[in-house]
Amino acid sequence: LARLPLDFVLKHEAYFFARTQQAMEELMQRVGRPIIYFTAVEDLTGLGMQHLNPAALQNYKAVVRYCEDYYPEMVKRALVIKAPRIFARIWSLVKHFFDEGTRQKIQVVGANDTYEALVRYIEPKWIPECYGGELRL
């Protein structure tokens, strides 16, 4: 995140959320009921000390602020999976970037509980095989 221009990252987030809203509207038309939020899954495989870079943390803070300002309440919950030991240290720094309501939506899932946590909110056919689901990628 530190190596990417912040403007590029923010445009990427805007594109992601615009496309997600479009997909949710298309699904709403097909199923005939409101779909106003989604479950985010963050796989933290590969997170390490290099992510404690001050520039990366500043960019991450700007991204969090942007998402919370322009796309509030789109995420119903966020499941953090495969978090390495360093996550506790990084989380202690970045949790303050999130509004309290958003922090309450974030669930850190133990390595042995990944599938059980995912299947609570996501149908097995949409869970990738690498997490124990049925979706072939």
# chains A, B, ... in the order shown; residues from 1 in each chain; ligands from 1
>>> select_by_dssp(residues="range 18-59 of chain A", states="strand (DSSP E or B)", output="PDB file with N, CA, C and O atoms, in the first residue's frame")
ATOM      1  N   PHE A  38     -23.257  -6.215   2.465  1.00  0.00           N
ATOM      2  CA  PHE A  38     -22.591  -7.476   2.180  1.00  0.00           C
ATOM      3  C   PHE A  38     -21.632  -7.828   3.301  1.00  0.00           C
ATOM      4  O   PHE A  38     -21.304  -7.006   4.151  1.00  0.00           O
ATOM      5  N   THR A  39     -21.179  -9.089   3.284  1.00  0.00           N
ATOM      6  CA  THR A  39     -20.174  -9.576   4.215  1.00  0.00           C
ATOM      7  C   THR A  39     -18.820  -9.530   3.510  1.00  0.00           C
ATOM      8  O   THR A  39     -18.669 -10.078   2.425  1.00  0.00           O
ATOM      9  N   ALA A  40     -17.866  -8.869   4.122  1.00  0.00           N
ATOM     10  CA  ALA A  40     -16.505  -8.794   3.571  1.00  0.00           C
ATOM     11  C   ALA A  40     -15.644  -9.844   4.265  1.00  0.00           C
ATOM     12  O   ALA A  40     -15.774 -10.054   5.470  1.00  0.00           O
ATOM     13  N   VAL A  41     -14.791 -10.485   3.494  1.00  0.00           N
ATOM     14  CA  VAL A  41     -13.851 -11.469   4.037  1.00  0.00           C
ATOM     15  C   VAL A  41     -12.455 -10.983   3.699  1.00  0.00           C
ATOM     16  O   VAL A  41     -12.133 -10.756   2.536  1.00  0.00           O
ATOM     17  N   GLU A  42     -11.631 -10.812   4.718  1.00  0.00           N
ATOM     18  CA  GLU A  42     -10.249 -10.358   4.541  1.00  0.00           C
ATOM     19  C   GLU A  42      -9.300 -11.469   4.954  1.00  0.00           C
ATOM     20  O   GLU A  42      -9.197 -11.808   6.129  1.00  0.00           O
ATOM     21  N   ASP A  43      -8.619 -12.055   3.985  1.00  0.00           N
ATOM     22  CA  ASP A  43      -7.611 -13.082   4.242  1.00  0.00           C
ATOM     23  C   ASP A  43      -6.280 -12.363   4.434  1.00  0.00           C
ATOM     24  O   ASP A  43      -5.783 -11.710   3.523  1.00  0.00           O
TER      25      ASP A  43
END
>>> select_by_dssp(residues="range 4-136 of chain A", states="alpha helix (DSSP H)", output="JSON, numbers by chain")
{"A": [6, 7, 8, 9, 10, 11, 12, 13, 14, 15, 16, 17, 18, 19, 20, 21, 22, 23, 24, 25, 26, 27, 28, 29, 30, 31, 54, 55, 56, 57, 58, 59, 60, 61, 62, 63, 64, 65, 66, 67, 68, 69, 70, 86, 87, 88, 89, 90, 91, 92, 93, 94, 100, 101, 102, 103, 104, 105, 114, 115, 116, 117, 118, 119, 120, 121]}
>>> residues_around(residues="range 2-19 of chain A", least_positions_apart="3", cutoff="8 Å", atoms="only C-alpha atoms", output="ChimeraX atom specification")
/A:22-23,53,55-57,59,63,66-67,71
>>> write_last_selection(atoms="N, CA, C and O atoms", output="PDB file, in the first residue's frame")
ATOM      1  N   GLN A  22     -23.616  -1.987  -8.024  1.00  0.00           N
ATOM      2  CA  GLN A  22     -24.261  -2.408  -9.254  1.00  0.00           C
ATOM      3  C   GLN A  22     -24.646  -3.889  -9.179  1.00  0.00           C
ATOM      4  O   GLN A  22     -25.760  -4.271  -9.541  1.00  0.00           O
ATOM      5  N   ALA A  23     -23.735  -4.725  -8.710  1.00  0.00           N
ATOM      6  CA  ALA A  23     -24.007  -6.158  -8.585  1.00  0.00           C
ATOM      7  C   ALA A  23     -25.140  -6.412  -7.593  1.00  0.00           C
ATOM      8  O   ALA A  23     -26.004  -7.273  -7.826  1.00  0.00           O
ATOM      9  N   ASN A  53       4.965  -0.177   7.986  1.00  0.00           N
ATOM     10  CA  ASN A  53       5.546   0.987   7.331  1.00  0.00           C
ATOM     11  C   ASN A  53       4.641   2.205   7.570  1.00  0.00           C
ATOM     12  O   ASN A  53       3.442   2.150   7.311  1.00  0.00           O
ATOM     13  N   ALA A  55       4.191   4.968   5.937  1.00  0.00           N
ATOM     14  CA  ALA A  55       3.493   5.434   4.727  1.00  0.00           C
ATOM     15  C   ALA A  55       2.305   4.531   4.417  1.00  0.00           C
ATOM     16  O   ALA A  55       1.226   5.018   4.044  1.00  0.00           O
ATOM     17  N   ALA A  56       2.479   3.220   4.574  1.00  0.00           N
ATOM     18  CA  ALA A  56       1.381   2.286   4.334  1.00  0.00           C
ATOM     19  C   ALA A  56       0.250   2.517   5.329  1.00  0.00           C
ATOM     20  O   ALA A  56      -0.929   2.501   4.961  1.00  0.00           O
ATOM     21  N   LEU A  57       0.602   2.742   6.587  1.00  0.00           N
ATOM     22  CA  LEU A  57      -0.422   2.992   7.604  1.00  0.00           C
ATOM     23  C   LEU A  57      -1.186   4.283   7.314  1.00  0.00           C
ATOM     24  O   LEU A  57      -2.408   4.346   7.479  1.00  0.00           O
ATOM     25  N   ASN A  59      -1.671   5.642   4.321  1.00  0.00           N
ATOM     26  CA  ASN A  59      -2.541   5.364   3.180  1.00  0.00           C
ATOM     27  C   ASN A  59      -3.747   4.530   3.606  1.00  0.00           C
ATOM     28  O   ASN A  59      -4.870   4.781   3.165  1.00  0.00           O
ATOM     29  N   VAL A  63      -7.728   5.427   3.251  1.00  0.00           N
ATOM     30  CA  VAL A  63      -8.682   4.538   2.590  1.00  0.00           C
ATOM     31  C   VAL A  63      -9.864   4.241   3.502  1.00  0.00           C
ATOM     32  O   VAL A  63     -11.021   4.289   3.081  1.00  0.00           O
ATOM     33  N   TYR A  66     -12.062   7.288   3.666  1.00  0.00           N
ATOM     34  CA  TYR A  66     -12.781   7.442   2.406  1.00  0.00           C
ATOM     35  C   TYR A  66     -13.980   6.491   2.349  1.00  0.00           C
ATOM     36  O   TYR A  66     -15.098   6.896   2.024  1.00  0.00           O
ATOM     37  N   CYS A  67     -13.747   5.231   2.674  1.00  0.00           N
ATOM     38  CA  CYS A  67     -14.822   4.234   2.622  1.00  0.00           C
ATOM     39  C   CYS A  67     -15.927   4.548   3.623  1.00  0.00           C
ATOM     40  O   CYS A  67     -17.111   4.419   3.311  1.00  0.00           O
ATOM     41  N   TYR A  71     -19.157   5.451   1.617  1.00  0.00           N
ATOM     42  CA  TYR A  71     -19.892   4.195   1.493  1.00  0.00           C
ATOM     43  C   TYR A  71     -20.270   3.652   2.879  1.00  0.00           C
ATOM     44  O   TYR A  71     -19.974   2.514   3.219  1.00  0.00           O
TER      45      TYR A  71
END
>>> closest_residue(among="A:Gln29, A:Ile36, A:Ile106, A:Phe87", to="Gln50 in chain A", atoms="only C-alpha atoms")
A:Phe87
>>> atom_distance(atom1="CA of Leu52 in chain A", atom2="CA of Ile90 in chain A")
6.9 Å
>>> residues_around(residues="Ala88 in chain A", least_positions_apart="6", cutoff="12 Å", atoms="only C-alpha atoms", output="PDB file with C-alpha atoms, in the first residue's frame")
ATOM      1  CA  LEU A  44      -4.482 -11.735   5.935  1.00  0.00           C
ATOM      2  CA  LEU A  47       0.709  -9.853   6.541  1.00  0.00           C
ATOM      3  CA  GLY A  48       4.039  -9.076   8.149  1.00  0.00           C
ATOM      4  CA  MET A  49       6.371  -6.516   9.673  1.00  0.00           C
ATOM      5  CA  LEU A  52       4.063  -1.550   9.760  1.00  0.00           C
ATOM      6  CA  VAL A  80     -10.755 -11.428   9.228  1.00  0.00           C
ATOM      7  CA  VAL A  94      -5.198   0.721  13.023  1.00  0.00           C
ATOM      8  CA  LYS A  95      -8.380  -0.046  14.967  1.00  0.00           C
ATOM      9  CA  VAL A 108     -11.290 -11.988  13.853  1.00  0.00           C
TER      10      VAL A 108
END
>>> atom_distance(atom1="CA of Leu118 in chain A", atom2="CA of Glu134 in chain A")
12.1 Å
>>> atom_distance(atom1="CA of Pro84 in chain A", atom2="CA of Thr114 in chain A")
13.5 Å
>>> residues_around(residues="Gly133 in chain A", least_positions_apart="6", cutoff="7 Å", atoms="only C-alpha atoms", output="JSON, numbers by chain")
{"A": [124, 125, 127]}
>>> write_last_selection(atoms="N, CA, C and O atoms", output="mmCIF file, in the first residue's frame")
data_model
loop_
_atom_site.group_PDB
_atom_site.id
_atom_site.type_symbol
_atom_site.label_atom_id
_atom_site.label_comp_id
_atom_site.auth_asym_id
_atom_site.auth_seq_id
_atom_site.Cartn_x
_atom_site.Cartn_y
_atom_site.Cartn_z
ATOM 1 N N PRO A 124 -22.148 -22.445 1.239
ATOM 2 C CA PRO A 124 -20.943 -23.204 0.872
ATOM 3 C C PRO A 124 -20.587 -23.113 -0.610
ATOM 4 O O PRO A 124 -19.410 -23.134 -0.959
ATOM 5 N N LYS A 125 -21.581 -22.980 -1.488
ATOM 6 C CA LYS A 125 -21.276 -22.914 -2.921
ATOM 7 C C LYS A 125 -20.515 -21.643 -3.292
ATOM 8 O O LYS A 125 -19.899 -21.578 -4.351
ATOM 9 N N ILE A 127 -18.197 -20.268 -1.076
ATOM 10 C CA ILE A 127 -16.958 -20.283 -0.293
ATOM 11 C C ILE A 127 -15.895 -21.031 -1.089
ATOM 12 O O ILE A 127 -16.116 -22.181 -1.480
#
>>> closest_residue(among="A:Pro128, A:Tyr121, A:Arg136, A:Glu26", to="Lys76 in chain A", atoms="only C-alpha atoms")
A:Tyr121
>>> decode(residues="range 49-77 of chain A", atoms="N, CA and C atoms", output="PDB file, in the first residue's frame")
ATOM      1  N   MET A  49       5.763  -7.731   9.137  1.00  0.00           N
ATOM      2  CA  MET A  49       6.371  -6.516   9.673  1.00  0.00           C
ATOM      3  C   MET A  49       6.483  -5.407   8.632  1.00  0.00           C
ATOM      4  N   GLN A  50       6.648  -5.776   7.371  1.00  0.00           N
ATOM      5  CA  GLN A  50       6.761  -4.766   6.318  1.00  0.00           C
ATOM      6  C   GLN A  50       5.502  -3.903   6.216  1.00  0.00           C
ATOM      7  N   HIS A  51       4.388  -4.374   6.749  1.00  0.00           N
ATOM      8  CA  HIS A  51       3.149  -3.617   6.704  1.00  0.00           C
ATOM      9  C   HIS A  51       3.044  -2.601   7.838  1.00  0.00           C
ATOM     10  N   LEU A  52       4.032  -2.571   8.708  1.00  0.00           N
ATOM     11  CA  LEU A  52       4.063  -1.550   9.760  1.00  0.00           C
ATOM     12  C   LEU A  52       4.738  -0.272   9.262  1.00  0.00           C
ATOM     13  N   ASN A  53       4.965  -0.177   7.986  1.00  0.00           N
ATOM     14  CA  ASN A  53       5.546   0.987   7.331  1.00  0.00           C
ATOM     15  C   ASN A  53       4.641   2.205   7.570  1.00  0.00           C
ATOM     16  N   PRO A  54       5.179   3.324   8.066  1.00  0.00           N
ATOM     17  CA  PRO A  54       4.353   4.513   8.337  1.00  0.00           C
ATOM     18  C   PRO A  54       3.586   5.025   7.116  1.00  0.00           C
ATOM     19  N   ALA A  55       4.191   4.968   5.937  1.00  0.00           N
ATOM     20  CA  ALA A  55       3.493   5.434   4.727  1.00  0.00           C
ATOM     21  C   ALA A  55       2.305   4.531   4.417  1.00  0.00           C
ATOM     22  N   ALA A  56       2.479   3.220   4.574  1.00  0.00           N
ATOM     23  CA  ALA A  56       1.381   2.286   4.334  1.00  0.00           C
ATOM     24  C   ALA A  56       0.250   2.517   5.329  1.00  0.00           C
ATOM     25  N   LEU A  57       0.602   2.742   6.587  1.00  0.00           N
ATOM     26  CA  LEU A  57      -0.422   2.992   7.604  1.00  0.00           C
ATOM     27  C   LEU A  57      -1.186   4.283   7.314  1.00  0.00           C
ATOM     28  N   GLN A  58      -0.496   5.315   6.857  1.00  0.00           N
ATOM     29  CA  GLN A  58      -1.165   6.585   6.513  1.00  0.00           C
ATOM     30  C   GLN A  58      -2.115   6.387   5.332  1.00  0.00           C
ATOM     31  N   ASN A  59      -1.671   5.642   4.321  1.00  0.00           N
ATOM     32  CA  ASN A  59      -2.541   5.364   3.180  1.00  0.00           C
ATOM     33  C   ASN A  59      -3.747   4.530   3.606  1.00  0.00           C
ATOM     34  N   TYR A  60      -3.516   3.558   4.466  1.00  0.00           N
ATOM     35  CA  TYR A  60      -4.619   2.722   4.940  1.00  0.00           C
ATOM     36  C   TYR A  60      -5.626   3.573   5.703  1.00  0.00           C
ATOM     37  N   LYS A  61      -5.138   4.472   6.521  1.00  0.00           N
ATOM     38  CA  LYS A  61      -6.021   5.362   7.274  1.00  0.00           C
ATOM     39  C   LYS A  61      -6.881   6.199   6.318  1.00  0.00           C
ATOM     40  N   ALA A  62      -6.273   6.711   5.258  1.00  0.00           N
ATOM     41  CA  ALA A  62      -7.010   7.514   4.275  1.00  0.00           C
ATOM     42  C   ALA A  62      -8.064   6.667   3.554  1.00  0.00           C
ATOM     43  N   VAL A  63      -7.728   5.427   3.251  1.00  0.00           N
ATOM     44  CA  VAL A  63      -8.682   4.538   2.590  1.00  0.00           C
ATOM     45  C   VAL A  63      -9.864   4.241   3.502  1.00  0.00           C
ATOM     46  N   VAL A  64      -9.582   3.939   4.762  1.00  0.00           N
ATOM     47  CA  VAL A  64     -10.656   3.668   5.725  1.00  0.00           C
ATOM     48  C   VAL A  64     -11.575   4.877   5.840  1.00  0.00           C
ATOM     49  N   ARG A  65     -10.996   6.058   5.970  1.00  0.00           N
ATOM     50  CA  ARG A  65     -11.797   7.283   6.083  1.00  0.00           C
ATOM     51  C   ARG A  65     -12.658   7.495   4.845  1.00  0.00           C
ATOM     52  N   TYR A  66     -12.062   7.288   3.666  1.00  0.00           N
ATOM     53  CA  TYR A  66     -12.781   7.442   2.406  1.00  0.00           C
ATOM     54  C   TYR A  66     -13.980   6.491   2.349  1.00  0.00           C
ATOM     55  N   CYS A  67     -13.747   5.231   2.674  1.00  0.00           N
ATOM     56  CA  CYS A  67     -14.822   4.234   2.622  1.00  0.00           C
ATOM     57  C   CYS A  67     -15.927   4.548   3.623  1.00  0.00           C
ATOM     58  N   GLU A  68     -15.554   4.954   4.819  1.00  0.00           N
ATOM     59  CA  GLU A  68     -16.570   5.248   5.824  1.00  0.00           C
ATOM     60  C   GLU A  68     -17.342   6.524   5.497  1.00  0.00           C
ATOM     61  N   ASP A  69     -16.697   7.493   4.854  1.00  0.00           N
ATOM     62  CA  ASP A  69     -17.374   8.739   4.494  1.00  0.00           C
ATOM     63  C   ASP A  69     -18.309   8.575   3.302  1.00  0.00           C
ATOM     64  N   TYR A  70     -17.866   7.831   2.282  1.00  0.00           N
ATOM     65  CA  TYR A  70     -18.624   7.746   1.034  1.00  0.00           C
ATOM     66  C   TYR A  70     -19.456   6.490   0.869  1.00  0.00           C
ATOM     67  N   TYR A  71     -19.157   5.451   1.617  1.00  0.00           N
ATOM     68  CA  TYR A  71     -19.892   4.195   1.493  1.00  0.00           C
ATOM     69  C   TYR A  71     -20.270   3.652   2.879  1.00  0.00           C
ATOM     70  N   PRO A  72     -20.953   4.480   3.667  1.00  0.00           N
ATOM     71  CA  PRO A  72     -21.279   4.055   5.036  1.00  0.00           C
ATOM     72  C   PRO A  72     -22.300   2.912   5.037  1.00  0.00           C
ATOM     73  N   GLU A  73     -22.121   2.012   5.935  1.00  0.00           N
ATOM     74  CA  GLU A  73     -23.072   0.929   6.193  1.00  0.00           C
ATOM     75  C   GLU A  73     -23.279  -0.053   5.055  1.00  0.00           C
ATOM     76  N   MET A  74     -22.410  -0.077   4.058  1.00  0.00           N
ATOM     77  CA  MET A  74     -22.542  -1.104   3.013  1.00  0.00           C
ATOM     78  C   MET A  74     -22.059  -2.462   3.515  1.00  0.00           C
ATOM     79  N   VAL A  75     -21.105  -2.465   4.424  1.00  0.00           N
ATOM     80  CA  VAL A  75     -20.565  -3.716   4.948  1.00  0.00           C
ATOM     81  C   VAL A  75     -21.342  -4.084   6.208  1.00  0.00           C
ATOM     82  N   LYS A  76     -21.982  -5.246   6.173  1.00  0.00           N
ATOM     83  CA  LYS A  76     -22.724  -5.699   7.352  1.00  0.00           C
ATOM     84  C   LYS A  76     -21.776  -6.267   8.404  1.00  0.00           C
ATOM     85  N   ARG A  77     -20.759  -7.000   7.906  1.00  0.00           N
ATOM     86  CA  ARG A  77     -19.756  -7.570   8.813  1.00  0.00           C
ATOM     87  C   ARG A  77     -18.490  -7.799   8.016  1.00  0.00           C
TER      88      ARG A  77
END
